[in-house]
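Undergrad: For reference, the structure I am asking about is given below.
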Amino acid sequence: MGSMERHKLLPFVLVIAVFASICAGVQAQTGQGYSTHTQQGKPVPEVVRPMPFPIESPAPRSVLALAFLPAEQMTEKDRLLEADAESAIGEKAGFADLGFNVGKWSYQQIVCPALPNHLFLGFTRNNGAGDVSLFSASIPRNGEGRVRIIPIQRRGYSFFSPAPINALTISAFNHIRTEEHPDQAPYWVGTALCYAALAGAHPAAEIPADNPDSKDYLAGPQAIMDIPNRGGAIIRLTDVSTPRRPMAWTLTFNGKGKLLKATHVPAAQIGDTKEPAIPVDGQGRQIEVGAKTVPPAQW
């Protein structure tokens, strides 16, 4: 190679050398985002699973359990909030052809600690066997959001698809969670229970009034959460509030906490199963290859 060619290549060589030096310096200064392992001489970024919920659930049962209050037991503030929103509720129920302006409707409050910035109500019109209409309603407490309803049953029949798995139910729930503006991520058990309640279930164990210290409520719903390698969460809840027909719920969330899918199928009768529907270890914890499992929550 002649001196002329060497002279032309020299600037390019210098640029490459300077660039390599800068990259090495940045990596040495930060030292973050890389594991101690290398692949073909290159640092490999650490795998971080997006976590939509804290793994640990708080000890106090009051943070987790739902309550269903008749209208007369609601606070005056909540009754006034319902009265102010009744026009909007009636309008939306009319769009769903629920006959809100016909017959006698009653409602109860769904107390959901995981979503404290909303008032949740369950509306019922019972005209006898085979003629029952149900829907739930969500009212934002801070005025930042919209009144929403979730149709559950119309005159004894489900809508186009049952409320627990309906895309409209999932969409409404995601909007409600967005309107919450939480300071921290809600607990996974309470979140799953709230969804089930808004979709028409009553997944809450009652503490006997004559013995408030009784442990009987521990026979209530159980839930387990899996954390897939890609992040997000899969919550499985067995609702035994109707012992003769327990139902199994599965809620799939992405890493940002958006509910992607819900399933709702009959579970095996308690005590009649010959083998668990989901593989578990000797301590009752679910086994799932490639995923981290949070032990069952019981309340």
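Within each chain, counting starts at residue 1; across the structure tokens, chains are named A, B, ... in the order shown, with ligands numbered 1 upward in that order.
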Please identify all polymer residues within 6 Å of region 193-202 of chain A, counting only C-alpha atoms, omitting same-chain residues fewer than 3 positions from it, and present them as an mmCIF file with N, CA and C atoms, in the first residue's frame.
TA:
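Written output follows (result25.cif):
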```cif
data_model
loop_
_atom_site.group_PDB
_atom_site.id
_atom_site.type_symbol
_atom_site.label_atom_id
_atom_site.label_comp_id
_atom_site.auth_asym_id
_atom_site.auth_seq_id
_atom_site.Cartn_x
_atom_site.Cartn_y
_atom_site.Cartn_z
ATOM 1 N N CYS A 112 -65.014 -2.650 47.546
ATOM 2 C CA CYS A 112 -63.815 -3.233 46.943
ATOM 3 C C CYS A 112 -62.584 -2.431 47.385
ATOM 4 N N SER A 136 -73.938 -4.379 37.049
ATOM 5 C CA SER A 136 -73.149 -3.642 38.036
ATOM 6 C C SER A 136 -72.821 -2.265 37.475
ATOM 7 N N ALA A 163 -70.903 -12.266 31.169
ATOM 8 C CA ALA A 163 -70.175 -11.095 31.671
ATOM 9 C C ALA A 163 -68.756 -11.405 32.129
ATOM 10 N N PRO A 164 -68.482 -12.545 32.798
ATOM 11 C CA PRO A 164 -67.118 -12.791 33.277
ATOM 12 C C PRO A 164 -66.063 -12.822 32.189
ATOM 13 N N GLY A 190 -57.009 -8.780 45.843
ATOM 14 C CA GLY A 190 -58.145 -7.869 45.849
ATOM 15 C C GLY A 190 -58.583 -7.465 44.460
#
```
Undergrad: Just want the 9 Å neighbourhood of region 127-130 of chain A, counted on only C-alpha atoms, with same-chain residues fewer than 6 positions away dropped. Output as a compact mmCIF listing (two decimals) with C-alpha atoms, in the first residue's frame.
TA:
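The new file result31.txt reads:
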```
# COMPACT_ATOMS: atom_id res chain seq x y z
CA GLY A 103 -90.43 -2.67 37.46
CA LYS A 104 -88.78 -2.47 40.85
CA ARG A 155 -84.52 -11.36 32.15
CA GLY A 156 -82.75 -14.57 33.05
CA TYR A 157 -80.39 -14.72 30.07
```
Undergrad: So which residues touch Leu121 (chain A) within 6 Å, counting only C-alpha atoms, skipping near sequence neighbours fewer than 2 positions away, as a ChimeraX atom specification?
TA: /A:108-110,136-137
Undergrad: Grab the residues selected above and save them as a PDB file, in the first residue's frame with N, CA and C atoms.
TA:
```
ATOM      1  N   GLN A 108     -77.232  -2.931  45.836  1.00  0.00           N
ATOM      2  CA  GLN A 108     -76.354  -3.064  46.990  1.00  0.00           C
ATOM      3  C   GLN A 108     -74.971  -2.559  46.605  1.00  0.00           C
ATOM      4  N   GLN A 109     -74.200  -2.193  47.600  1.00  0.00           N
ATOM      5  CA  GLN A 109     -72.849  -1.699  47.355  1.00  0.00           C
ATOM      6  C   GLN A 109     -71.864  -2.858  47.364  1.00  0.00           C
ATOM      7  N   ILE A 110     -70.961  -2.838  46.392  1.00  0.00           N
ATOM      8  CA  ILE A 110     -69.847  -3.787  46.361  1.00  0.00           C
ATOM      9  C   ILE A 110     -68.624  -3.044  46.896  1.00  0.00           C
ATOM     10  N   SER A 136     -73.938  -4.379  37.049  1.00  0.00           N
ATOM     11  CA  SER A 136     -73.149  -3.642  38.036  1.00  0.00           C
ATOM     12  C   SER A 136     -72.821  -2.265  37.475  1.00  0.00           C
ATOM     13  N   ALA A 137     -72.575  -1.329  38.370  1.00  0.00           N
ATOM     14  CA  ALA A 137     -72.282   0.047  37.966  1.00  0.00           C
ATOM     15  C   ALA A 137     -71.058   0.554  38.710  1.00  0.00           C
TER      16      ALA A 137
END
```
Undergrad: Give me the residues within 9 Å of Val147 (chain A) as number ranges by chain, counting only C-alpha atoms and dropping any in the same chain fewer than 5 places off.
TA: A: 85, 88-89, 92, 137-140
Undergrad: The selected residues should be written to file as a PDB file, in the first residue's frame (atoms: C-alpha atoms).
TA:
```
ATOM      1  CA  ALA A  85     -75.395   9.242  39.096  1.00  0.00           C
ATOM      2  CA  ALA A  88     -76.447   8.385  33.854  1.00  0.00           C
ATOM      3  CA  ILE A  89     -76.893   4.816  35.103  1.00  0.00           C
ATOM      4  CA  LYS A  92     -76.592   3.441  29.984  1.00  0.00           C
ATOM      5  CA  ALA A 137     -72.282   0.047  37.966  1.00  0.00           C
ATOM      6  CA  SER A 138     -69.109   2.017  38.613  1.00  0.00           C
ATOM      7  CA  ILE A 139     -69.148   5.642  39.787  1.00  0.00           C
ATOM      8  CA  PRO A 140     -65.867   7.599  40.194  1.00  0.00           C
TER       9      PRO A 140
END
```
Undergrad: I want to know what sits within 6 Å of region 236-241 of chain A, based on only C-alpha atoms, with residues of the same chain fewer than 5 positions away left out; could you give that as a list of chain:residue names?
TA: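 Final neighbour list, sorted by chain and number: A:Pro203, A:Pro221, A:Gln222, A:Ala223, A:Ile224, A:Pro246, A:Met247, A:Ala248, A:Trp249, A:Thr250.
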Undergrad: Could those selected residues go to a file with N, CA and C atoms, as a JSON list (two decimals), in the first residue's frame?
TA:
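And here is the file that came out, again_15.json:
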```
[["chain", "number", "residue", "atom", "x", "y", "z"],
["A", 203, "PRO", "N", -67.73, -13.42, 45.51],
["A", 203, "PRO", "CA", -66.61, -14.20, 46.04],
["A", 203, "PRO", "C", -66.09, -13.68, 47.37],
["A", 221, "PRO", "N", -62.70, -18.13, 49.26],
["A", 221, "PRO", "CA", -61.94, -18.23, 48.01],
["A", 221, "PRO", "C", -60.44, -18.33, 48.23],
["A", 222, "GLN", "N", -59.79, -19.01, 47.31],
["A", 222, "GLN", "CA", -58.34, -19.08, 47.30],
["A", 222, "GLN", "C", -57.85, -18.60, 45.95],
["A", 223, "ALA", "N", -56.67, -18.01, 45.96],
["A", 223, "ALA", "CA", -56.11, -17.50, 44.70],
["A", 223, "ALA", "C", -54.63, -17.79, 44.65],
["A", 224, "ILE", "N", -54.11, -17.91, 43.44],
["A", 224, "ILE", "CA", -52.69, -18.14, 43.23],
["A", 224, "ILE", "C", -52.27, -17.29, 42.03],
["A", 246, "PRO", "N", -68.73, -24.60, 42.60],
["A", 246, "PRO", "CA", -67.60, -23.67, 42.64],
["A", 246, "PRO", "C", -67.12, -23.36, 41.23],
["A", 247, "MET", "N", -66.67, -22.12, 41.05],
["A", 247, "MET", "CA", -66.23, -21.67, 39.73],
["A", 247, "MET", "C", -64.76, -21.27, 39.76],
["A", 248, "ALA", "N", -64.08, -21.59, 38.69],
["A", 248, "ALA", "CA", -62.66, -21.28, 38.56],
["A", 248, "ALA", "C", -62.48, -20.09, 37.61],
["A", 249, "TRP", "N", -61.78, -19.07, 38.09],
["A", 249, "TRP", "CA", -61.49, -17.88, 37.30],
["A", 249, "TRP", "C", -60.00, -17.87, 36.96],
["A", 250, "THR", "N", -59.68, -17.40, 35.75],
["A", 250, "THR", "CA", -58.30, -17.15, 35.37],
["A", 250, "THR", "C", -58.23, -15.79, 34.71]]
```
Undergrad: Write down as a list in words the residues belonging to region 56-160 of chain A that are assigned helix (DSSP H, G or I) by DSSP computed on the backbone.
TA: Arg61, Ser62, Val63, Leu64, Ala71, Glu72, Gln73, Glu76, Lys77, Asp78, Arg79, Leu80, Leu81, Glu82, Ala83, Asp84, Ala85, Glu86, Ser87, Ala88, Ile89, Gly90, Glu91, Lys92, Ala93, Gly94 and Phe95 of chain A
Undergrad: Keeping only N, CA and C atoms, take the residues you just selected and write them out as a PDB file, in the first residue's frame.
TA:
```
ATOM      1  N   ARG A  61     -57.059  -8.778  56.736  1.00  0.00           N
ATOM      2  CA  ARG A  61     -58.082  -9.301  55.841  1.00  0.00           C
ATOM      3  C   ARG A  61     -58.925  -8.182  55.252  1.00  0.00           C
ATOM      4  N   SER A  62     -59.047  -7.073  55.976  1.00  0.00           N
ATOM      5  CA  SER A  62     -59.892  -5.971  55.514  1.00  0.00           C
ATOM      6  C   SER A  62     -59.393  -5.374  54.208  1.00  0.00           C
ATOM      7  N   VAL A  63     -58.113  -5.539  53.906  1.00  0.00           N
ATOM      8  CA  VAL A  63     -57.557  -4.986  52.681  1.00  0.00           C
ATOM      9  C   VAL A  63     -57.906  -5.872  51.484  1.00  0.00           C
ATOM     10  N   LEU A  64     -58.182  -7.144  51.754  1.00  0.00           N
ATOM     11  CA  LEU A  64     -58.383  -8.097  50.683  1.00  0.00           C
ATOM     12  C   LEU A  64     -59.846  -8.426  50.420  1.00  0.00           C
ATOM     13  N   ALA A  71     -78.500  -1.188  50.531  1.00  0.00           N
ATOM     14  CA  ALA A  71     -78.521   0.271  50.385  1.00  0.00           C
ATOM     15  C   ALA A  71     -78.663   0.978  51.725  1.00  0.00           C
ATOM     16  N   GLU A  72     -79.470   0.414  52.620  1.00  0.00           N
ATOM     17  CA  GLU A  72     -79.699   1.093  53.901  1.00  0.00           C
ATOM     18  C   GLU A  72     -78.478   1.091  54.804  1.00  0.00           C
ATOM     19  N   GLN A  73     -77.473   0.267  54.495  1.00  0.00           N
ATOM     20  CA  GLN A  73     -76.255   0.250  55.301  1.00  0.00           C
ATOM     21  C   GLN A  73     -75.140   1.085  54.684  1.00  0.00           C
ATOM     22  N   GLU A  76     -74.171   7.891  54.028  1.00  0.00           N
ATOM     23  CA  GLU A  76     -74.995   8.921  53.397  1.00  0.00           C
ATOM     24  C   GLU A  76     -74.282   9.510  52.178  1.00  0.00           C
ATOM     25  N   LYS A  77     -72.969   9.658  52.290  1.00  0.00           N
ATOM     26  CA  LYS A  77     -72.201  10.206  51.183  1.00  0.00           C
ATOM     27  C   LYS A  77     -72.310   9.315  49.947  1.00  0.00           C
ATOM     28  N   ASP A  78     -72.241   7.997  50.143  1.00  0.00           N
ATOM     29  CA  ASP A  78     -72.336   7.081  49.006  1.00  0.00           C
ATOM     30  C   ASP A  78     -73.752   7.025  48.443  1.00  0.00           C
ATOM     31  N   ARG A  79     -74.751   7.138  49.290  1.00  0.00           N
ATOM     32  CA  ARG A  79     -76.128   7.150  48.783  1.00  0.00           C
ATOM     33  C   ARG A  79     -76.381   8.401  47.940  1.00  0.00           C
ATOM     34  N   LEU A  80     -75.813   9.528  48.362  1.00  0.00           N
ATOM     35  CA  LEU A  80     -75.960  10.754  47.570  1.00  0.00           C
ATOM     36  C   LEU A  80     -75.223  10.635  46.239  1.00  0.00           C
ATOM     37  N   LEU A  81     -74.075   9.966  46.257  1.00  0.00           N
ATOM     38  CA  LEU A  81     -73.310   9.763  45.026  1.00  0.00           C
ATOM     39  C   LEU A  81     -74.110   8.897  44.057  1.00  0.00           C
ATOM     40  N   GLU A  82     -74.779   7.887  44.583  1.00  0.00           N
ATOM     41  CA  GLU A  82     -75.625   7.034  43.736  1.00  0.00           C
ATOM     42  C   GLU A  82     -76.789   7.829  43.161  1.00  0.00           C
ATOM     43  N   ALA A  83     -77.406   8.670  43.982  1.00  0.00           N
ATOM     44  CA  ALA A  83     -78.550   9.466  43.516  1.00  0.00           C
ATOM     45  C   ALA A  83     -78.131  10.417  42.402  1.00  0.00           C
ATOM     46  N   ASP A  84     -76.967  11.039  42.546  1.00  0.00           N
ATOM     47  CA  ASP A  84     -76.485  11.964  41.519  1.00  0.00           C
ATOM     48  C   ASP A  84     -76.187  11.248  40.199  1.00  0.00           C
ATOM     49  N   ALA A  85     -75.795   9.971  40.299  1.00  0.00           N
ATOM     50  CA  ALA A  85     -75.395   9.242  39.096  1.00  0.00           C
ATOM     51  C   ALA A  85     -76.534   8.414  38.507  1.00  0.00           C
ATOM     52  N   GLU A  86     -77.689   8.416  39.146  1.00  0.00           N
ATOM     53  CA  GLU A  86     -78.761   7.511  38.719  1.00  0.00           C
ATOM     54  C   GLU A  86     -79.246   7.827  37.306  1.00  0.00           C
ATOM     55  N   SER A  87     -79.255   9.094  36.932  1.00  0.00           N
ATOM     56  CA  SER A  87     -79.674   9.449  35.580  1.00  0.00           C
ATOM     57  C   SER A  87     -78.735   8.840  34.540  1.00  0.00           C
ATOM     58  N   ALA A  88     -77.428   8.956  34.783  1.00  0.00           N
ATOM     59  CA  ALA A  88     -76.447   8.385  33.854  1.00  0.00           C
ATOM     60  C   ALA A  88     -76.532   6.870  33.853  1.00  0.00           C
ATOM     61  N   ILE A  89     -76.754   6.278  35.024  1.00  0.00           N
ATOM     62  CA  ILE A  89     -76.893   4.816  35.103  1.00  0.00           C
ATOM     63  C   ILE A  89     -78.103   4.366  34.291  1.00  0.00           C
ATOM     64  N   GLY A  90     -79.234   5.082  34.463  1.00  0.00           N
ATOM     65  CA  GLY A  90     -80.441   4.730  33.730  1.00  0.00           C
ATOM     66  C   GLY A  90     -80.264   4.853  32.228  1.00  0.00           C
ATOM     67  N   GLU A  91     -79.537   5.872  31.792  1.00  0.00           N
ATOM     68  CA  GLU A  91     -79.302   6.065  30.354  1.00  0.00           C
ATOM     69  C   GLU A  91     -78.498   4.920  29.775  1.00  0.00           C
ATOM     70  N   LYS A  92     -77.442   4.522  30.485  1.00  0.00           N
ATOM     71  CA  LYS A  92     -76.592   3.441  29.984  1.00  0.00           C
ATOM     72  C   LYS A  92     -77.317   2.096  30.060  1.00  0.00           C
ATOM     73  N   ALA A  93     -78.116   1.906  31.102  1.00  0.00           N
ATOM     74  CA  ALA A  93     -78.896   0.674  31.190  1.00  0.00           C
ATOM     75  C   ALA A  93     -79.931   0.616  30.078  1.00  0.00           C
ATOM     76  N   GLY A  94     -80.437   1.771  29.662  1.00  0.00           N
ATOM     77  CA  GLY A  94     -81.379   1.814  28.547  1.00  0.00           C
ATOM     78  C   GLY A  94     -80.737   1.372  27.247  1.00  0.00           C
ATOM     79  N   PHE A  95     -79.472   1.780  27.017  1.00  0.00           N
ATOM     80  CA  PHE A  95     -78.768   1.369  25.813  1.00  0.00           C
ATOM     81  C   PHE A  95     -78.632  -0.155  25.755  1.00  0.00           C
TER      82      PHE A  95
END
```
Undergrad: One decimal, in Å: what's the spacing between CA of Arg230 (chain A) and CA of Ala262 (chain A)?
TA: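 A separation of 18.5 Å between them.
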